[in-house]
file query31.tsv (TSV, C-alpha atoms)
chain	number	residue	atom	x	y	z
A	1	MET	CA	0.00	0.00	0.00
A	2	ARG	CA	1.25	3.45	-0.87
A	3	THR	CA	1.62	5.97	1.92
A	4	ALA	CA	0.51	9.58	1.79
A	5	LYS	CA	4.17	10.57	1.85
A	6	ASN	CA	4.85	8.72	-1.35
A	7	PRO	CA	1.84	9.09	-3.61
A	8	SER	CA	1.98	7.53	-7.06
A	9	PRO	CA	3.11	10.13	-9.56
A	10	LYS	CA	0.41	11.60	-11.76
A	11	ILE	CA	0.49	10.31	-15.32
A	12	ILE	CA	0.20	13.02	-17.94
A	13	LYS	CA	-1.76	11.95	-20.99
A	14	ASP	CA	-0.81	14.53	-23.58
A	15	ASN	CA	-1.11	14.35	-27.37
A	16	ASP	CA	1.96	12.11	-27.56
A	17	TYR	CA	0.88	9.64	-24.87
A	18	GLU	CA	-0.53	6.97	-27.17
A	19	LEU	CA	2.30	7.26	-29.66
A	20	ILE	CA	4.96	6.85	-26.97
A	21	GLN	CA	3.10	3.92	-25.47
A	22	ALA	CA	2.95	2.26	-28.89
A	23	ILE	CA	6.68	2.81	-29.48
A	24	ASN	CA	7.48	1.43	-26.05
A	25	SER	CA	5.38	-1.63	-26.71
A	26	GLY	CA	7.49	-2.49	-29.74
A	27	ARG	CA	6.13	-0.39	-32.62
A	28	PHE	CA	9.54	1.08	-33.48
A	29	ASP	CA	8.29	1.98	-36.95
A	30	LEU	CA	6.23	4.72	-35.26
A	31	PHE	CA	9.40	6.53	-34.30
A	32	HIS	CA	9.15	8.05	-37.79
A	33	GLU	CA	5.87	9.65	-36.72
A	34	LEU	CA	7.51	11.05	-33.61
A	35	VAL	CA	10.30	12.55	-35.70
A	36	LYS	CA	7.75	13.99	-38.11
A	37	ARG	CA	5.95	15.69	-35.21
A	38	TYR	CA	9.04	17.31	-33.78
A	39	GLU	CA	11.75	17.62	-36.43
A	40	ARG	CA	10.80	21.15	-37.45
A	41	LYS	CA	10.48	22.41	-33.89
A	42	LEU	CA	13.77	20.80	-32.88
A	43	TYR	CA	15.51	22.01	-36.02
A	44	ASN	CA	14.52	25.63	-35.33
A	45	PHE	CA	15.42	25.28	-31.66
A	46	SER	CA	18.84	23.96	-32.70
A	47	LEU	CA	19.37	26.76	-35.23
A	48	LYS	CA	18.93	29.21	-32.37
A	49	MET	CA	21.34	27.29	-30.17
A	50	CYS	CA	24.11	26.62	-32.73
A	51	ARG	CA	25.87	29.17	-34.87
A	52	ASP	CA	26.64	26.66	-37.60
A	53	PRO	CA	23.65	25.03	-39.41
A	54	SER	CA	25.53	21.72	-39.67
A	55	ASP	CA	26.00	21.78	-35.87
A	56	ALA	CA	22.26	22.38	-35.59
A	57	GLU	CA	21.61	19.27	-37.70
A	58	ASP	CA	23.98	17.28	-35.49
A	59	LEU	CA	22.11	18.48	-32.42
A	60	VAL	CA	18.77	17.33	-33.87
A	61	GLN	CA	20.23	13.94	-34.77
A	62	GLU	CA	21.84	13.43	-31.38
A	63	THR	CA	18.64	14.48	-29.64
A	64	PHE	CA	16.55	11.95	-31.55
A	65	LEU	CA	19.17	9.26	-30.92
A	66	ASN	CA	19.02	10.02	-27.20
A	67	VAL	CA	15.23	10.01	-27.29
A	68	PHE	CA	15.29	6.60	-28.95
A	69	ARG	CA	17.81	5.38	-26.40
A	70	TYR	CA	15.91	6.58	-23.31
A	71	VAL	CA	12.25	6.65	-24.32
A	72	LYS	CA	11.69	3.32	-22.54
A	73	ASP	CA	12.50	5.18	-19.29
A	74	PHE	CA	9.94	7.91	-19.94
A	75	ARG	CA	7.41	7.74	-17.08
A	76	TYR	CA	4.72	10.14	-18.38
A	77	GLU	CA	5.27	12.34	-15.34
A	78	THR	CA	5.67	15.37	-17.56
A	79	LYS	CA	4.50	16.25	-21.04
A	80	PHE	CA	6.55	14.35	-23.60
A	81	LYS	CA	7.44	17.63	-25.30
A	82	ASN	CA	9.00	18.91	-22.06
A	83	TRP	CA	11.03	15.70	-21.71
A	84	LEU	CA	12.14	16.02	-25.34
A	85	TYR	CA	13.38	19.57	-24.77
A	86	ARG	CA	15.14	18.46	-21.61
A	87	ILE	CA	17.07	15.99	-23.73
A	88	ALA	CA	17.69	18.57	-26.47
A	89	SER	CA	18.92	21.14	-23.93
A	90	SER	CA	21.24	18.74	-22.14
A	91	THR	CA	22.58	17.44	-25.47
A	92	CYS	CA	23.25	21.05	-26.43
A	93	ILE	CA	25.04	21.82	-23.14
A	94	LYS	CA	27.16	18.65	-23.42
A	95	LYS	CA	28.13	19.51	-27.00
A	96	ARG	CA	29.30	22.92	-25.91
A	97	ARG	CA	31.34	21.50	-23.04
A	98	LYS	CA	33.15	19.23	-25.49
A	99	SER	CA	34.01	22.15	-27.77
A	100	LYS	CA	36.79	24.62	-27.13
A	101	PHE	CA	34.79	27.79	-26.66
A	102	ALA	CA	36.00	30.37	-24.16
A	103	PRO	CA	34.07	30.56	-20.89
A	104	GLU	CA	30.82	32.41	-21.25
A	105	ARG	CA	30.42	35.90	-19.97
A	106	GLU	CA	27.88	36.76	-17.31
A	107	LEU	CA	25.28	39.40	-18.02
A	108	SER	CA	24.70	41.79	-15.14
A	109	LEU	CA	21.59	43.85	-14.63
A	110	GLU	CA	23.71	46.96	-14.09
A	111	GLU	CA	24.95	46.99	-17.67
A	112	PHE	CA	21.39	47.42	-18.92
A	113	ILE	CA	20.25	50.14	-16.56
A	114	PRO	CA	19.42	53.25	-18.61
A	115	LYS	CA	22.40	55.58	-18.57
A	116	GLU	CA	22.11	58.85	-16.81
A	117	GLY	CA	21.23	61.67	-19.19
A	118	ILE	CA	21.14	59.49	-22.29
A	119	GLU	CA	17.92	57.64	-21.94
A	120	THR	CA	16.31	59.25	-19.00
A	121	GLN	CA	13.82	61.28	-20.99
A	122	GLU	CA	13.58	58.97	-23.96
A	123	GLN	CA	10.15	58.71	-25.49
A	124	VAL	CA	8.89	55.35	-26.71
A	125	PRO	CA	10.56	54.81	-30.11
A	126	ASP	CA	8.55	54.11	-33.25
A	127	TRP	CA	9.73	50.50	-33.44
A	128	ALA	CA	7.94	49.73	-30.20
A	129	LEU	CA	4.72	51.41	-31.30
A	130	MET	CA	4.24	50.49	-34.96
A	131	PRO	CA	2.13	47.41	-35.81
A	132	LEU	CA	4.28	44.31	-35.69
A	133	ASP	CA	3.50	43.22	-39.26
A	134	LYS	CA	4.66	46.60	-40.59
A	135	LEU	CA	8.10	46.02	-39.11
A	136	LEU	CA	8.77	42.33	-39.56
A	137	ASN	CA	10.71	41.44	-42.65
A	138	GLU	CA	13.51	39.10	-43.59
A	139	GLU	CA	16.26	41.52	-42.61
A	140	LEU	CA	14.78	42.11	-39.16
A	141	SER	CA	14.24	38.36	-38.64
A	142	GLU	CA	17.89	37.80	-39.48
A	143	THR	CA	18.93	40.58	-37.08
A	144	ILE	CA	16.83	39.03	-34.30
A	145	ASN	CA	18.28	35.58	-34.95
A	146	GLN	CA	21.82	36.94	-34.93
A	147	ALA	CA	21.10	38.83	-31.71
A	148	ILE	CA	19.76	35.61	-30.14
A	149	LEU	CA	22.88	33.76	-31.27
A	150	SER	CA	25.10	36.39	-29.66
A	151	LEU	CA	23.56	35.78	-26.23
A	152	PRO	CA	25.73	33.72	-23.88
A	153	GLU	CA	24.37	30.16	-23.99
A	154	LYS	CA	22.93	29.91	-20.50
A	155	TYR	CA	20.81	33.02	-21.11
A	156	ARG	CA	19.99	31.95	-24.66
A	157	LEU	CA	18.65	28.57	-23.56
A	158	VAL	CA	16.28	30.18	-21.09
A	159	MET	CA	15.16	32.87	-23.52
A	160	VAL	CA	14.56	30.43	-26.39
A	161	LEU	CA	12.59	28.02	-24.18
A	162	ARG	CA	10.48	30.82	-22.68
A	163	ASP	CA	9.97	33.32	-25.48
A	164	VAL	CA	10.37	31.26	-28.64
A	165	GLU	CA	9.15	27.81	-27.61
A	166	GLY	CA	6.55	29.14	-25.18
A	167	PHE	CA	7.34	27.07	-22.09
A	168	SER	CA	6.27	28.54	-18.74
A	169	THR	CA	8.77	29.59	-16.08
A	170	GLU	CA	8.07	26.38	-14.13
A	171	GLU	CA	8.46	24.18	-17.20
A	172	THR	CA	11.69	25.91	-18.22
A	173	ALA	CA	13.02	25.45	-14.69
A	174	GLN	CA	12.26	21.72	-14.88
A	175	ILE	CA	13.73	21.34	-18.36
A	176	LEU	CA	16.98	23.05	-17.34
A	177	ASN	CA	17.06	21.86	-13.74
A	178	LEU	CA	17.13	25.43	-12.45
A	179	SER	CA	15.06	27.22	-9.85
A	180	PRO	CA	12.16	29.32	-11.19
A	181	SER	CA	13.77	32.46	-9.76
A	182	ASN	CA	16.99	31.69	-11.62
A	183	VAL	CA	14.98	31.29	-14.84
A	184	LYS	CA	13.37	34.70	-14.25
A	185	VAL	CA	16.73	36.40	-13.60
A	186	ARG	CA	18.32	34.93	-16.74
A	187	LEU	CA	15.28	35.68	-18.88
A	188	HIS	CA	15.15	39.33	-17.83
A	189	ARG	CA	18.85	39.83	-18.58
A	190	ALA	CA	18.54	38.04	-21.91
A	191	ARG	CA	15.61	40.22	-22.93
A	192	LEU	CA	17.45	43.40	-21.89
A	193	PHE	CA	20.48	42.26	-23.90
A	194	LEU	CA	18.32	41.68	-26.98
A	195	ARG	CA	16.55	44.99	-26.45
A	196	GLU	CA	19.92	46.77	-26.61
A	197	LYS	CA	20.76	44.98	-29.88
A	198	LEU	CA	17.42	45.93	-31.39
A	199	LYS	CA	17.79	49.53	-30.26
A	200	GLY	CA	21.12	49.58	-32.07
A	201	TYR	CA	19.58	48.10	-35.21
A	202	PHE	CA	16.74	50.62	-35.37
A	203	LYS	CA	19.08	53.51	-34.56
A	204	ASN	CA	21.48	52.59	-37.36
A	205	ASP	CA	19.13	51.32	-40.04
A	206	ARG	CA	15.93	53.24	-39.67
B	1	MET	CA	14.64	70.60	-13.03
B	2	THR	CA	16.99	71.55	-15.85
B	3	GLY	CA	18.33	69.30	-18.57
B	4	ASN	CA	21.77	69.55	-17.05
B	5	HIS	CA	20.57	68.33	-13.74
B	6	HIS	CA	18.24	65.67	-15.02
B	7	ASP	CA	19.29	62.27	-13.95
B	8	TYR	CA	17.67	59.07	-12.86
B	9	GLN	CA	17.05	60.51	-9.43
B	10	ASP	CA	14.07	62.37	-10.80
B	11	CYS	CA	12.64	61.01	-13.98
B	12	GLY	CA	9.51	63.07	-14.15
B	13	GLY	CA	7.43	61.60	-11.39
B	14	GLY	CA	9.42	63.00	-8.53
B	15	HIS	CA	10.52	59.61	-7.29
B	16	ASP	CA	14.00	58.39	-6.71
B	17	HIS	CA	16.59	56.33	-8.53
B	18	LYS	CA	16.17	53.41	-6.17
B	19	HIS	CA	12.48	53.14	-6.98
B	20	CYS	CA	13.22	53.17	-10.73
B	21	LEU	CA	15.73	50.34	-10.27
B	22	GLU	CA	13.25	48.32	-8.25
B	23	MET	CA	10.70	48.66	-11.06
B	24	PHE	CA	13.32	48.03	-13.75
B	25	LYS	CA	14.18	44.64	-12.18
B	26	LYS	CA	10.57	43.50	-12.36
B	27	LEU	CA	9.60	44.53	-15.88
B	28	SER	CA	9.88	41.03	-17.38
B	29	GLU	CA	7.83	39.50	-14.57
B	30	TYR	CA	5.26	42.24	-15.15
B	31	LEU	CA	5.07	41.42	-18.87
B	32	ASP	CA	4.69	37.73	-18.02
B	33	ASN	CA	1.89	38.32	-15.48
B	34	GLU	CA	4.01	36.79	-12.76
B	35	LEU	CA	3.60	39.53	-10.15
B	36	ASP	CA	0.95	40.03	-7.52
B	37	GLU	CA	-1.70	42.63	-8.17
B	38	LEU	CA	-0.29	45.18	-5.77
B	39	THR	CA	3.13	45.14	-7.46
B	40	CYS	CA	1.46	45.34	-10.89
B	41	ARG	CA	-0.44	48.46	-9.85
B	42	GLU	CA	2.78	49.94	-8.46
B	43	ILE	CA	4.57	49.36	-11.77
B	44	GLU	CA	1.68	50.77	-13.76
B	45	LYS	CA	1.64	53.88	-11.61
B	46	HIS	CA	5.39	54.20	-11.96
B	47	VAL	CA	5.50	53.87	-15.75
B	48	ASN	CA	2.68	56.38	-16.06
B	49	ASP	CA	4.87	58.91	-14.28
B	50	CYS	CA	8.28	57.91	-15.61
B	51	VAL	CA	9.01	58.47	-19.30
B	52	SER	CA	12.16	56.38	-19.19
B	53	CYS	CA	10.61	53.34	-17.53
B	54	HIS	CA	7.56	53.60	-19.80
B	55	SER	CA	9.84	53.52	-22.82
B	56	CYS	CA	11.84	50.66	-21.34
B	57	LEU	CA	8.70	48.62	-20.74
B	58	GLN	CA	7.37	49.20	-24.26
B	59	THR	CA	10.66	48.36	-25.97
B	60	LEU	CA	11.09	45.26	-23.81
B	61	LYS	CA	7.56	44.15	-24.68
B	62	ARG	CA	8.27	44.63	-28.37
B	63	THR	CA	11.57	42.72	-28.05
B	64	VAL	CA	9.67	39.72	-26.65
B	65	GLU	CA	7.11	39.97	-29.47
B	66	PHE	CA	9.90	40.03	-32.06
B	67	CYS	CA	11.52	36.92	-30.57
B	68	LYS	CA	8.21	35.05	-30.67
B	69	GLU	CA	8.00	35.80	-34.39
B	70	ALA	CA	11.65	35.19	-35.17
B	71	GLY	CA	11.81	32.82	-38.12
B	72	ASN	CA	10.55	29.29	-38.29
B	73	LYS	CA	12.47	27.67	-41.10
B	74	PRO	CA	11.41	24.46	-42.82
B	75	VAL	CA	13.64	21.44	-42.34
B	76	PRO	CA	15.91	21.05	-45.41
B	77	LYS	CA	14.73	18.08	-47.49
B	78	ASP	CA	18.19	16.50	-47.49
B	79	PHE	CA	18.29	16.60	-43.73
B	80	SER	CA	14.82	15.10	-43.41
B	81	ILE	CA	15.95	12.19	-45.61
B	82	LYS	CA	19.09	11.82	-43.50
B	83	LEU	CA	16.97	11.59	-40.35
B	84	LYS	CA	14.73	8.93	-41.92
B	85	GLU	CA	17.80	6.90	-42.88
B	86	MET	CA	19.21	7.26	-39.38
B	87	ILE	CA	15.99	5.89	-37.89
B	88	ASN	CA	15.82	3.05	-40.40
B	89	ASN	CA	19.34	2.06	-39.43
B	90	MET	CA	18.71	2.11	-35.70
B	91	PRO	CA	18.48	-1.28	-34.01
B	92	LYS	CA	14.86	-2.37	-33.58
B	93	THR	CA	15.05	-2.12	-29.82
B	94	THR	CA	15.41	0.83	-27.49
B	95	ASN	CA	17.88	-1.14	-25.35
B	96	LEU	CA	20.94	0.37	-27.03
call {"tool": "encode", "arguments": {"input": "query31.tsv", "output": "structure tokens"}}
result
Amino acid sequence: MRTAKNPSPKIIKDNDYELIQAINSGRFDLFHELVKRYERKLYNFSLKMCRDPSDAEDLVQETFLNVFRYVKDFRYETKFKNWLYRIASSTCIKKRRKSKFAPERELSLEEFIPKEGIETQEQVPDWALMPLDKLLNEELSETINQAILSLPEKYRLVMVLRDVEGFSTEETAQILNLSPSNVKVRLHRARLFLREKLKGYFKNDR
Amino acid sequence: MTGNHHDYQDCGGGHDHKHCLEMFKKLSEYLDNELDELTCREIEKHVNDCVSCHSCLQTLKRTVEFCKEAGNKPVPKDFSIKLKEMINNMPKTTNL
């Protein structure tokens, strides 16, 4: 008998539940369906995490290999999508550790505080007021993607999971094994960093 | 207040630098509806009075909107084929 201290974990029956059950009961052919469901999402996630498109492809491949390897251990205690991104994120972090990049820089809140006398009376610029569809074009999309790529990885992971992939703070914390308050701190700094880049873009090009 | 003396200690609403910084730290949580109602009202009152923080909030909001819309590329056909081949070549068991 289970005690109140150790209740059985809640099983989450999301849209992938039946598919994962089928795969785990031996229908390995259905792994193609799983890949079809998530290849585009994972590919775009990887493009935002890797500077080189071929590295992004490697990340997608390694993630699916790891999913295949560990899916039998999936306990339906979280949405499958969250588990998938946990694997993708940890694969991404491991890949970076293996590479020879210099240590990442920390972003401090102080560096984004409006400078005395420069911004203190700044009105809201046009780019924050115009309709979104009037501004978005290929060049701006490229600028945004480059700005995202220039974020230090630990901030980028949080920002991409929260603002691009749409995970909640709690979900992002679980995916990255961080505290929710740590997710919030990193997200705010990442957004402020990107805001500075966009301010620069609109100042120079508009 | 003259232009020469304007600084973050008085950004239009007669409040101090410290208060601006406190609000500045919470702008993302405000945008994400992660603050209690009292703090939300405090921020709203502050940005109504403070041109700088109002601008900061609006540009931050737009930055988040841009990121949400930032490119969703299709998977290159060659890569899709490569993935299919990889799966076909995987052993027919998950006990790797």
call {"tool": "interface_residues", "arguments": {"input": "query31.tsv", "of": "chain A", "to": "chain B", "cutoff": "8 Å", "atoms": "all atoms listed in the file", "output": "VMD selection string"}}
result
chain A and resid 26 28 31 to 32 39 to 40 43 to 44 57 61 68 to 72 109 113 to 114 116 to 117 119 to 125 127 to 129 132 136 141 to 142 144 to 145 163 to 165 184 187 to 188 191 to 192 194 to 195 198
call {"tool": "write_last_selection", "arguments": {"input": "query31.tsv", "atoms": "C-alpha atoms", "output": "PDB file, in the coordinates of the input"}}
result
ATOM      1  CA  GLY A  26       7.490  -2.490 -29.740  1.00  0.00           C
ATOM      2  CA  PHE A  28       9.540   1.080 -33.480  1.00  0.00           C
ATOM      3  CA  PHE A  31       9.400   6.530 -34.300  1.00  0.00           C
ATOM      4  CA  HIS A  32       9.150   8.050 -37.790  1.00  0.00           C
ATOM      5  CA  GLU A  39      11.750  17.620 -36.430  1.00  0.00           C
ATOM      6  CA  ARG A  40      10.800  21.150 -37.450  1.00  0.00           C
ATOM      7  CA  TYR A  43      15.510  22.010 -36.020  1.00  0.00           C
ATOM      8  CA  ASN A  44      14.520  25.630 -35.330  1.00  0.00           C
ATOM      9  CA  GLU A  57      21.610  19.270 -37.700  1.00  0.00           C
ATOM     10  CA  GLN A  61      20.230  13.940 -34.770  1.00  0.00           C
ATOM     11  CA  PHE A  68      15.290   6.600 -28.950  1.00  0.00           C
ATOM     12  CA  ARG A  69      17.810   5.380 -26.400  1.00  0.00           C
ATOM     13  CA  TYR A  70      15.910   6.580 -23.310  1.00  0.00           C
ATOM     14  CA  VAL A  71      12.250   6.650 -24.320  1.00  0.00           C
ATOM     15  CA  LYS A  72      11.690   3.320 -22.540  1.00  0.00           C
ATOM     16  CA  LEU A 109      21.590  43.850 -14.630  1.00  0.00           C
ATOM     17  CA  ILE A 113      20.250  50.140 -16.560  1.00  0.00           C
ATOM     18  CA  PRO A 114      19.420  53.250 -18.610  1.00  0.00           C
ATOM     19  CA  GLU A 116      22.110  58.850 -16.810  1.00  0.00           C
ATOM     20  CA  GLY A 117      21.230  61.670 -19.190  1.00  0.00           C
ATOM     21  CA  GLU A 119      17.920  57.640 -21.940  1.00  0.00           C
ATOM     22  CA  THR A 120      16.310  59.250 -19.000  1.00  0.00           C
ATOM     23  CA  GLN A 121      13.820  61.280 -20.990  1.00  0.00           C
ATOM     24  CA  GLU A 122      13.580  58.970 -23.960  1.00  0.00           C
ATOM     25  CA  GLN A 123      10.150  58.710 -25.490  1.00  0.00           C
ATOM     26  CA  VAL A 124       8.890  55.350 -26.710  1.00  0.00           C
ATOM     27  CA  PRO A 125      10.560  54.810 -30.110  1.00  0.00           C
ATOM     28  CA  TRP A 127       9.730  50.500 -33.440  1.00  0.00           C
ATOM     29  CA  ALA A 128       7.940  49.730 -30.200  1.00  0.00           C
ATOM     30  CA  LEU A 129       4.720  51.410 -31.300  1.00  0.00           C
ATOM     31  CA  LEU A 132       4.280  44.310 -35.690  1.00  0.00           C
ATOM     32  CA  LEU A 136       8.770  42.330 -39.560  1.00  0.00           C
ATOM     33  CA  SER A 141      14.240  38.360 -38.640  1.00  0.00           C
ATOM     34  CA  GLU A 142      17.890  37.800 -39.480  1.00  0.00           C
ATOM     35  CA  ILE A 144      16.830  39.030 -34.300  1.00  0.00           C
ATOM     36  CA  ASN A 145      18.280  35.580 -34.950  1.00  0.00           C
ATOM     37  CA  ASP A 163       9.970  33.320 -25.480  1.00  0.00           C
ATOM     38  CA  VAL A 164      10.370  31.260 -28.640  1.00  0.00           C
ATOM     39  CA  GLU A 165       9.150  27.810 -27.610  1.00  0.00           C
ATOM     40  CA  LYS A 184      13.370  34.700 -14.250  1.00  0.00           C
ATOM     41  CA  LEU A 187      15.280  35.680 -18.880  1.00  0.00           C
ATOM     42  CA  HIS A 188      15.150  39.330 -17.830  1.00  0.00           C
ATOM     43  CA  ARG A 191      15.610  40.220 -22.930  1.00  0.00           C
ATOM     44  CA  LEU A 192      17.450  43.400 -21.890  1.00  0.00           C
ATOM     45  CA  LEU A 194      18.320  41.680 -26.980  1.00  0.00           C
ATOM     46  CA  ARG A 195      16.550  44.990 -26.450  1.00  0.00           C
ATOM     47  CA  LEU A 198      17.420  45.930 -31.390  1.00  0.00           C
TER      48      LEU A 198
END
call {"tool": "atom_distance", "arguments": {"input": "query31.tsv", "atom1": "atom CA of A:Lys48", "atom2": "atom CA of A:Phe193"}}
result
15.6 Å
call {"tool": "closest_residue", "arguments": {"input": "query31.tsv", "among": "A:Ile175, A:Leu135, A:Leu84, A:Ile93", "to": "A:Arg37", "atoms": "only C-alpha atoms"}}
result
A:Leu84
call {"tool": "closest_residue", "arguments": {"input": "query31.tsv", "among": "B:His17, B:Met23, B:Glu85, B:Asp78", "to": "B:Ile43", "atoms": "all atoms listed in the file"}}
result
B:Met23
call {"tool": "atom_distance", "arguments": {"input": "query31.tsv", "atom1": "atom CA of B:Glu37", "atom2": "atom CA of A:Val183"}}
result
21.2 Å
call {"tool": "residues_around", "arguments": {"input": "query31.tsv", "residues": "A:Asp58", "least_positions_apart": "2", "cutoff": "12 Å", "atoms": "all atoms listed in the file", "output": "JSON, numbers by chain"}}
result
{"A": [42, 43, 46, 47, 49, 50, 52, 53, 54, 55, 56, 60, 61, 62, 63, 64, 65, 88, 91, 92, 95], "B": [79, 82, 83, 86]}
call {"tool": "atom_distance", "arguments": {"input": "query31.tsv", "atom1": "atom CA of A:Ser89", "atom2": "atom CA of A:Thr172"}}
result
10.4 Å
call {"tool": "closest_residue", "arguments": {"input": "query31.tsv", "among": "A:Thr143, A:Asn177, A:Ile87, A:Ser25", "to": "A:Val67", "atoms": "only C-alpha atoms"}}
result
A:Ile87
call {"tool": "closest_residue", "arguments": {"input": "query31.tsv", "among": "A:Tyr85, A:Phe167, A:Phe202, A:Tyr155", "to": "A:Arg186", "atoms": "all atoms listed in the file"}}
result
A:Tyr155
call {"tool": "residues_around", "arguments": {"input": "query31.tsv", "residues": "A:Ile11", "least_positions_apart": "4", "cutoff": "12 Å", "atoms": "only C-alpha atoms", "output": "PDB file with C-alpha atoms, in the frame of the given file"}}
result
ATOM      1  CA  PRO A   7       1.840   9.090  -3.610  1.00  0.00           C
ATOM      2  CA  TYR A  17       0.880   9.640 -24.870  1.00  0.00           C
ATOM      3  CA  PHE A  74       9.940   7.910 -19.940  1.00  0.00           C
ATOM      4  CA  ARG A  75       7.410   7.740 -17.080  1.00  0.00           C
ATOM      5  CA  TYR A  76       4.720  10.140 -18.380  1.00  0.00           C
ATOM      6  CA  GLU A  77       5.270  12.340 -15.340  1.00  0.00           C
ATOM      7  CA  THR A  78       5.670  15.370 -17.560  1.00  0.00           C
ATOM      8  CA  LYS A  79       4.500  16.250 -21.040  1.00  0.00           C
ATOM      9  CA  PHE A  80       6.550  14.350 -23.600  1.00  0.00           C
TER      10      PHE A  80
END
